[in-house]
Amino acid sequence: MRSSIPYHEAYDLLRNVYLEDSYVLDIVEESDSIVFEMELVLRKGHSLYHLPKPSEKYCYKKGALRFLSCSSKKLELSNQRPSVDASGETDLGNIDWFEKISETAFLEGCWGKLEVNYGKFEVEFDKRETAS
């Protein structure tokens, strides 16, 4: 049996990202990819980190987790209604669990579950958003 690796150890791109308090804004599934649009929590060691805004607990940065060249994926969305924040932005919840075994990732949260076998993983940050 292969052992699983937590996301912050499996992916250098997520070493200084805290997914458990990040927000899933949308999940976009296409034939060979799946993308999680996110409001990501950055830890102090991240190159894009800035002090949190006065009204926030963390440093947030919009971005996306991209699973590309997927050979298989099983997405099970929950029936939980998304919440909407004061700015009108949809929040599907957090990624509470994310582990990797070989080239398969397993994710779970209020939004549902995902098992995906992929060829490439990317984390992309919104370049239009600036720290304030």
# chains A, B, ... in the order shown; residues from 1 in each chain; ligands from 1

$ residues_around --residues "Ile27 of chain A" --least-positions-apart "2" --cutoff "9 Å" --atoms "only C-alpha atoms" --output "number ranges by chain"
A: 24-25, 29, 34-38, 92

$ residues_around --residues "Lys73 of chain A" --least-positions-apart "4" --cutoff "8 Å" --atoms "only C-alpha atoms" --output "JSON, numbers by chain"
{"A": [114, 115, 116, 117]}

$ write_last_selection --atoms "C-alpha atoms" --output "compact mmCIF listing (two decimals), in the first residue's frame"
# COMPACT_ATOMS: atom_id res chain seq x y z
CA LEU A 114 -12.78 14.83 -5.62
CA GLU A 115 -10.51 11.98 -6.67
CA VAL A 116 -8.41 12.97 -9.68
CA ASN A 117 -5.57 11.32 -11.58

$ residues_around --residues "Phe125 of chain A" --least-positions-apart "2" --cutoff "9 Å" --atoms "only C-alpha atoms" --output "PyMOL selection string"
chain A and resi 40+61-64+123+127-129

$ residues_around --residues "Tyr58 of chain A" --least-positions-apart "5" --cutoff "9 Å" --atoms "only C-alpha atoms" --output "list in words"
Asp21, Val41, Leu42, Arg43, Leu51, Pro52 and Lys53 of chain A

$ closest_residue --among "A:Trp97, A:Tyr60, A:Phe67, A:Tyr23" --to "His8 of chain A" --atoms "only C-alpha atoms"
A:Trp97

$ closest_residue --among "A:Leu14, A:Lys113, A:Glu122, A:Ser33" --to "Ser69 of chain A" --atoms "only C-alpha atoms"
A:Ser33

$ closest_residue --among "A:Asn16, A:Thr90, A:Ser3, A:Asn79" --to "Glu39 of chain A" --atoms "only C-alpha atoms"
A:Thr90

$ select_by_dssp --residues "segment 17-132 of chain A" --states "strand (DSSP E or B)" --output "number ranges by chain"
A: 17-30, 33-42, 59-68, 72-77, 83-84, 90-91, 97-101, 104-109, 112-117, 120-125

$ write_last_selection --atoms "C-alpha atoms" --output "PDB file, in the first residue's frame"
ATOM      1  CA  VAL A  17      -0.686  28.089   1.598  1.00  0.00           C
ATOM      2  CA  TYR A  18      -3.248  27.150   4.260  1.00  0.00           C
ATOM      3  CA  LEU A  19      -6.156  25.466   2.465  1.00  0.00           C
ATOM      4  CA  GLU A  20      -8.202  24.633   5.551  1.00  0.00           C
ATOM      5  CA  ASP A  21      -9.159  28.325   5.940  1.00  0.00           C
ATOM      6  CA  SER A  22      -9.048  29.215   2.235  1.00  0.00           C
ATOM      7  CA  TYR A  23     -12.365  29.575   0.416  1.00  0.00           C
ATOM      8  CA  VAL A  24     -13.513  27.617  -2.633  1.00  0.00           C
ATOM      9  CA  LEU A  25     -15.300  30.164  -4.839  1.00  0.00           C
ATOM     10  CA  ASP A  26     -16.056  27.921  -7.812  1.00  0.00           C
ATOM     11  CA  ILE A  27     -15.213  24.512  -9.269  1.00  0.00           C
ATOM     12  CA  VAL A  28     -14.868  24.347 -13.052  1.00  0.00           C
ATOM     13  CA  GLU A  29     -14.804  20.890 -14.621  1.00  0.00           C
ATOM     14  CA  GLU A  30     -13.837  20.340 -18.254  1.00  0.00           C
ATOM     15  CA  SER A  33      -9.115  19.344 -16.290  1.00  0.00           C
ATOM     16  CA  ILE A  34     -10.634  20.560 -13.079  1.00  0.00           C
ATOM     17  CA  VAL A  35     -10.010  23.979 -11.555  1.00  0.00           C
ATOM     18  CA  PHE A  36     -10.744  25.240  -8.057  1.00  0.00           C
ATOM     19  CA  GLU A  37     -11.156  29.024  -8.066  1.00  0.00           C
ATOM     20  CA  MET A  38     -10.057  30.076  -4.592  1.00  0.00           C
ATOM     21  CA  GLU A  39      -9.509  32.830  -2.079  1.00  0.00           C
ATOM     22  CA  LEU A  40      -6.228  31.376  -0.753  1.00  0.00           C
ATOM     23  CA  VAL A  41      -4.720  31.963   2.687  1.00  0.00           C
ATOM     24  CA  LEU A  42      -1.001  32.698   2.384  1.00  0.00           C
ATOM     25  CA  CYS A  59      -3.489  37.288   4.164  1.00  0.00           C
ATOM     26  CA  TYR A  60      -5.848  36.315   1.324  1.00  0.00           C
ATOM     27  CA  LYS A  61      -5.003  36.134  -2.376  1.00  0.00           C
ATOM     28  CA  LYS A  62      -7.307  35.060  -5.197  1.00  0.00           C
ATOM     29  CA  GLY A  63      -5.992  32.188  -7.247  1.00  0.00           C
ATOM     30  CA  ALA A  64      -6.694  28.759  -8.668  1.00  0.00           C
ATOM     31  CA  LEU A  65      -5.651  25.166  -8.128  1.00  0.00           C
ATOM     32  CA  ARG A  66      -5.477  23.506 -11.547  1.00  0.00           C
ATOM     33  CA  PHE A  67      -5.423  19.768 -12.198  1.00  0.00           C
ATOM     34  CA  LEU A  68      -4.542  19.398 -15.882  1.00  0.00           C
ATOM     35  CA  SER A  72      -9.698  10.215 -14.668  1.00  0.00           C
ATOM     36  CA  LYS A  73     -11.648  12.270 -12.182  1.00  0.00           C
ATOM     37  CA  LYS A  74     -14.542  11.605  -9.877  1.00  0.00           C
ATOM     38  CA  LEU A  75     -16.213  14.755  -8.559  1.00  0.00           C
ATOM     39  CA  GLU A  76     -19.110  14.343  -6.133  1.00  0.00           C
ATOM     40  CA  LEU A  77     -20.664  17.694  -5.245  1.00  0.00           C
ATOM     41  CA  SER A  83     -22.984  30.894   1.266  1.00  0.00           C
ATOM     42  CA  VAL A  84     -22.700  34.415  -0.100  1.00  0.00           C
ATOM     43  CA  THR A  90     -20.094  32.809  -3.467  1.00  0.00           C
ATOM     44  CA  ASP A  91     -18.316  30.593  -0.931  1.00  0.00           C
ATOM     45  CA  TRP A  97      -8.659  17.342   3.403  1.00  0.00           C
ATOM     46  CA  PHE A  98      -6.163  17.120   0.518  1.00  0.00           C
ATOM     47  CA  GLU A  99      -3.704  14.279   0.099  1.00  0.00           C
ATOM     48  CA  LYS A 100      -1.711  12.800  -2.755  1.00  0.00           C
ATOM     49  CA  ILE A 101      -0.875   9.207  -3.584  1.00  0.00           C
ATOM     50  CA  THR A 104      -3.776  10.886  -7.727  1.00  0.00           C
ATOM     51  CA  ALA A 105      -5.107  13.647  -5.500  1.00  0.00           C
ATOM     52  CA  PHE A 106      -7.926  13.253  -2.987  1.00  0.00           C
ATOM     53  CA  LEU A 107      -9.770  16.379  -1.792  1.00  0.00           C
ATOM     54  CA  GLU A 108     -12.784  16.840   0.435  1.00  0.00           C
ATOM     55  CA  GLY A 109     -14.754  19.710   1.953  1.00  0.00           C
ATOM     56  CA  GLY A 112     -18.033  17.604  -1.840  1.00  0.00           C
ATOM     57  CA  LYS A 113     -15.242  15.167  -2.775  1.00  0.00           C
ATOM     58  CA  LEU A 114     -12.779  14.829  -5.621  1.00  0.00           C
ATOM     59  CA  GLU A 115     -10.513  11.982  -6.673  1.00  0.00           C
ATOM     60  CA  VAL A 116      -8.410  12.971  -9.676  1.00  0.00           C
ATOM     61  CA  ASN A 117      -5.572  11.323 -11.583  1.00  0.00           C
ATOM     62  CA  LYS A 120       0.093  18.352 -14.241  1.00  0.00           C
ATOM     63  CA  PHE A 121      -0.763  20.457 -11.181  1.00  0.00           C
ATOM     64  CA  GLU A 122      -0.555  24.250 -11.105  1.00  0.00           C
ATOM     65  CA  VAL A 123      -1.291  27.016  -8.637  1.00  0.00           C
ATOM     66  CA  GLU A 124      -2.017  30.348 -10.265  1.00  0.00           C
ATOM     67  CA  PHE A 125      -2.520  33.670  -8.480  1.00  0.00           C
TER      68      PHE A 125
END

$ select_by_dssp --residues "chain A" --states "alpha helix (DSSP H)" --output "ChimeraX atom specification"
/A:7-10

$ write_last_selection --atoms "N, CA and C atoms" --output "CSV table (one decimal), in the first residue's frame"
chain,number,residue,atom,x,y,z
A,7,TYR,N,-1.0,17.8,1.4
A,7,TYR,CA,-0.7,18.7,0.3
A,7,TYR,C,0.5,19.6,0.5
A,8,HIS,N,0.7,20.1,1.7
A,8,HIS,CA,1.8,21.0,1.9
A,8,HIS,C,3.2,20.4,1.9
A,9,GLU,N,3.2,19.0,1.9
A,9,GLU,CA,4.5,18.3,1.7
A,9,GLU,C,4.6,17.8,0.2
A,10,ALA,N,3.4,17.5,-0.4
A,10,ALA,CA,3.4,16.9,-1.7
A,10,ALA,C,3.7,18.0,-2.8

$ closest_residue --among "A:Arg15, A:Asp85, A:Ser78, A:Ser4" --to "His46 of chain A" --atoms "only C-alpha atoms"
A:Arg15

$ decode --residues "segment 26-65 of chain A" --atoms "C-alpha atoms" --output "PDB file, in the first residue's frame"
ATOM      1  CA  ASP A  26     -16.056  27.921  -7.812  1.00  0.00           C
ATOM      2  CA  ILE A  27     -15.213  24.512  -9.269  1.00  0.00           C
ATOM      3  CA  VAL A  28     -14.868  24.347 -13.052  1.00  0.00           C
ATOM      4  CA  GLU A  29     -14.804  20.890 -14.621  1.00  0.00           C
ATOM      5  CA  GLU A  30     -13.837  20.340 -18.254  1.00  0.00           C
ATOM      6  CA  SER A  31     -13.117  17.171 -20.208  1.00  0.00           C
ATOM      7  CA  ASP A  32      -9.456  16.858 -19.159  1.00  0.00           C
ATOM      8  CA  SER A  33      -9.115  19.344 -16.290  1.00  0.00           C
ATOM      9  CA  ILE A  34     -10.634  20.560 -13.079  1.00  0.00           C
ATOM     10  CA  VAL A  35     -10.010  23.979 -11.555  1.00  0.00           C
ATOM     11  CA  PHE A  36     -10.744  25.240  -8.057  1.00  0.00           C
ATOM     12  CA  GLU A  37     -11.156  29.024  -8.066  1.00  0.00           C
ATOM     13  CA  MET A  38     -10.057  30.076  -4.592  1.00  0.00           C
ATOM     14  CA  GLU A  39      -9.509  32.830  -2.079  1.00  0.00           C
ATOM     15  CA  LEU A  40      -6.228  31.376  -0.753  1.00  0.00           C
ATOM     16  CA  VAL A  41      -4.720  31.963   2.687  1.00  0.00           C
ATOM     17  CA  LEU A  42      -1.001  32.698   2.384  1.00  0.00           C
ATOM     18  CA  ARG A  43       1.407  32.007   5.229  1.00  0.00           C
ATOM     19  CA  LYS A  44       4.274  34.343   6.139  1.00  0.00           C
ATOM     20  CA  GLY A  45       6.821  32.330   4.130  1.00  0.00           C
ATOM     21  CA  HIS A  46       4.972  32.839   0.816  1.00  0.00           C
ATOM     22  CA  SER A  47       6.491  35.300  -1.663  1.00  0.00           C
ATOM     23  CA  LEU A  48       3.108  37.064  -2.116  1.00  0.00           C
ATOM     24  CA  TYR A  49       2.382  37.338   1.611  1.00  0.00           C
ATOM     25  CA  HIS A  50       1.367  40.710   3.044  1.00  0.00           C
ATOM     26  CA  LEU A  51      -0.004  41.691   6.433  1.00  0.00           C
ATOM     27  CA  PRO A  52      -3.716  40.909   6.722  1.00  0.00           C
ATOM     28  CA  LYS A  53      -6.192  43.720   6.205  1.00  0.00           C
ATOM     29  CA  PRO A  54      -7.433  45.167   9.534  1.00  0.00           C
ATOM     30  CA  SER A  55     -10.775  43.346   9.216  1.00  0.00           C
ATOM     31  CA  GLU A  56      -9.203  39.975   8.298  1.00  0.00           C
ATOM     32  CA  LYS A  57      -7.428  37.233  10.210  1.00  0.00           C
ATOM     33  CA  TYR A  58      -5.225  36.092   7.301  1.00  0.00           C
ATOM     34  CA  CYS A  59      -3.489  37.288   4.164  1.00  0.00           C
ATOM     35  CA  TYR A  60      -5.848  36.315   1.324  1.00  0.00           C
ATOM     36  CA  LYS A  61      -5.003  36.134  -2.376  1.00  0.00           C
ATOM     37  CA  LYS A  62      -7.307  35.060  -5.197  1.00  0.00           C
ATOM     38  CA  GLY A  63      -5.992  32.188  -7.247  1.00  0.00           C
ATOM     39  CA  ALA A  64      -6.694  28.759  -8.668  1.00  0.00           C
ATOM     40  CA  LEU A  65      -5.651  25.166  -8.128  1.00  0.00           C
TER      41      LEU A  65
END
